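Worksheet: one structure, shown below.
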Amino acid sequence: MRYPHDWPDLPAREKGIDVQLACDVITEAMTHQVDAVIIASRDTDLTPALEIVRSRRLAHVETASWEGASRIRFPGEHAPWCHRMDEAAYESVRDHRDYSKS
């Protein structure tokens, strides 16, 4: 998040989260810190990172998305597997941490 000088009068903005997530996915998989990667997103900007992890067989790859929403797919395929989340599933994994206090 990027917090403006006038925060909290002006809202914080997401900045570079997808790039950081893609870098973390590749790094964690390359250093064998994970056996599986599950990204809860439908942001297709993350597809190349997931394709690298899968093509190099660094980790198993899956995604999660809202029921009825679009999902990440590898070009010309039905993969990766997508877990469909309803509100109850989302609430069960929701991060309630207030990152503005970090």
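Identifiers in the structure tokens: chain A, B, ... in order shown; residue index from 1 per chain; ligand index from 1 in order shown.
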Write out as CSV a residue-level contact list of stretch 44-72 of chain A versus stretch 27-37 of chain A with cut-off 9 Å: for each qualifying residue the closest pair of atoms and the distance in Å to one decimal, counting only C-alpha atoms, rows sorted by chain and residue number upward.
residue,atom,partner,partner_atom,distance
A:Leu50,CA,A:Val37,CA,8.3
A:Val53,CA,A:Ala29,CA,6.6
A:Leu58,CA,A:Ala29,CA,5.4
A:Ala59,CA,A:Asp35,CA,4.9
A:His60,CA,A:Ala36,CA,4.4
A:Val61,CA,A:Val37,CA,4.9
A:Glu62,CA,A:Val37,CA,6.2
A:Thr63,CA,A:Val37,CA,7.9
Excluding A:Ala12 and any residue of its chain fewer than 2 positions from it, enumerate the residues within 12 Å of it, using only C-alpha atoms, and give them as a PDB file with N, CA and C atoms, in the first residue's frame.
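The result, written out as result_31.pdb:
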ATOM      1  N   MET A   1       0.839  -1.178   0.000  1.00  0.00           N
ATOM      2  CA  MET A   1       0.000   0.000   0.000  1.00  0.00           C
ATOM      3  C   MET A   1       0.883   1.241   0.000  1.00  0.00           C
ATOM      4  N   ARG A   2       0.423   2.230  -0.686  1.00  0.00           N
ATOM      5  CA  ARG A   2       1.098   3.528  -0.649  1.00  0.00           C
ATOM      6  C   ARG A   2       0.209   4.486   0.144  1.00  0.00           C
ATOM      7  N   TYR A   3       0.777   5.050   1.207  1.00  0.00           N
ATOM      8  CA  TYR A   3       0.029   5.936   2.083  1.00  0.00           C
ATOM      9  C   TYR A   3       0.423   7.380   1.803  1.00  0.00           C
ATOM     10  N   PRO A   4      -0.545   8.207   1.375  1.00  0.00           N
ATOM     11  CA  PRO A   4      -0.227   9.611   1.090  1.00  0.00           C
ATOM     12  C   PRO A   4       0.078  10.376   2.373  1.00  0.00           C
ATOM     13  N   HIS A   5       0.725  11.511   2.215  1.00  0.00           N
ATOM     14  CA  HIS A   5       1.107  12.346   3.355  1.00  0.00           C
ATOM     15  C   HIS A   5      -0.118  12.698   4.201  1.00  0.00           C
ATOM     16  N   ASP A   6      -1.274  12.869   3.569  1.00  0.00           N
ATOM     17  CA  ASP A   6      -2.494  13.267   4.272  1.00  0.00           C
ATOM     18  C   ASP A   6      -3.301  12.076   4.786  1.00  0.00           C
ATOM     19  N   TRP A   7      -2.718  10.876   4.787  1.00  0.00           N
ATOM     20  CA  TRP A   7      -3.448   9.706   5.265  1.00  0.00           C
ATOM     21  C   TRP A   7      -3.721   9.859   6.747  1.00  0.00           C
ATOM     22  N   PRO A   8      -4.866   9.567   7.293  1.00  0.00           N
ATOM     23  CA  PRO A   8      -5.975   8.836   6.694  1.00  0.00           C
ATOM     24  C   PRO A   8      -7.037   9.704   6.035  1.00  0.00           C
ATOM     25  N   ASP A   9      -6.799  11.020   5.918  1.00  0.00           N
ATOM     26  CA  ASP A   9      -7.776  11.867   5.230  1.00  0.00           C
ATOM     27  C   ASP A   9      -7.907  11.457   3.763  1.00  0.00           C
ATOM     28  N   LEU A  10      -6.792  11.098   3.139  1.00  0.00           N
ATOM     29  CA  LEU A  10      -6.814  10.551   1.787  1.00  0.00           C
ATOM     30  C   LEU A  10      -6.565   9.047   1.893  1.00  0.00           C
ATOM     31  N   GLU A  14      -3.280   0.711  -3.388  1.00  0.00           N
ATOM     32  CA  GLU A  14      -2.488  -0.483  -3.667  1.00  0.00           C
ATOM     33  C   GLU A  14      -1.433  -0.113  -4.695  1.00  0.00           C
ATOM     34  N   LYS A  15      -0.202  -0.553  -4.484  1.00  0.00           N
ATOM     35  CA  LYS A  15       0.875  -0.215  -5.404  1.00  0.00           C
ATOM     36  C   LYS A  15       1.832  -1.384  -5.543  1.00  0.00           C
ATOM     37  N   TYR A  99      -2.649  -3.632   8.253  1.00  0.00           N
ATOM     38  CA  TYR A  99      -1.291  -3.390   7.756  1.00  0.00           C
ATOM     39  C   TYR A  99      -0.880  -1.922   7.853  1.00  0.00           C
ATOM     40  N   SER A 100      -1.810  -1.026   8.138  1.00  0.00           N
ATOM     41  CA  SER A 100      -1.448   0.382   8.298  1.00  0.00           C
ATOM     42  C   SER A 100      -0.702   0.605   9.602  1.00  0.00           C
TER      43      SER A 100
END
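Going from atom CA of A:Phe74 to atom CA of A:Cys23 covers 18.2 Å.
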**Request:** Using DSSP on the backbone coordinates, identify the residues of chain A assigned to alpha helix (DSSP H); present them as a ChimeraX atom specification.
**Result:** /A:17-30,47-55,87-93
Please run DSSP on the backbone and report, as a PDB file with C-alpha atoms, in the first residue's frame, all residues within chain A that come out as strand (DSSP E).
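This went into part17.pdb:
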ATOM      1  CA  ALA A  36       2.023 -25.956  -3.826  1.00  0.00           C
ATOM      2  CA  VAL A  37       1.105 -22.415  -4.819  1.00  0.00           C
ATOM      3  CA  ILE A  38      -2.516 -21.288  -4.533  1.00  0.00           C
ATOM      4  CA  ILE A  39      -3.175 -17.684  -5.517  1.00  0.00           C
ATOM      5  CA  ALA A  40      -6.532 -16.162  -4.566  1.00  0.00           C
ATOM      6  CA  HIS A  60       1.930 -27.558  -7.911  1.00  0.00           C
ATOM      7  CA  VAL A  61      -0.138 -24.538  -9.064  1.00  0.00           C
ATOM      8  CA  GLU A  62      -3.794 -23.722  -8.311  1.00  0.00           C
ATOM      9  CA  THR A  63      -5.891 -20.566  -7.993  1.00  0.00           C
ATOM     10  CA  ALA A  64      -8.945 -19.408  -6.060  1.00  0.00           C
ATOM     11  CA  SER A  65     -11.657 -17.021  -7.232  1.00  0.00           C
ATOM     12  CA  TRP A  66     -15.201 -15.903  -6.394  1.00  0.00           C
ATOM     13  CA  TRP A  81      -7.405 -25.775 -11.089  1.00  0.00           C
ATOM     14  CA  CYS A  82      -9.552 -23.029  -9.571  1.00  0.00           C
ATOM     15  CA  HIS A  83     -11.144 -23.240  -6.130  1.00  0.00           C
ATOM     16  CA  ARG A  84     -14.436 -21.354  -6.218  1.00  0.00           C
ATOM     17  CA  MET A  85     -15.041 -19.334  -3.055  1.00  0.00           C
TER      18      MET A  85
END
**Prompt:** What is the distance, in Å and to one decimal place, between atom CA of A:Ala69 and atom CA of A:Asp43?
**Reply:** 11.3 Å
**Fill in**
Closest of A:Glu67, A:Arg13, A:Asp18, A:Ser41 to A:Glu87, counting only C-alpha atoms, is A:Glu67
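Between atom CA of A:Ile26 and atom CA of A:Tyr90 the separation is 24.5 Å.
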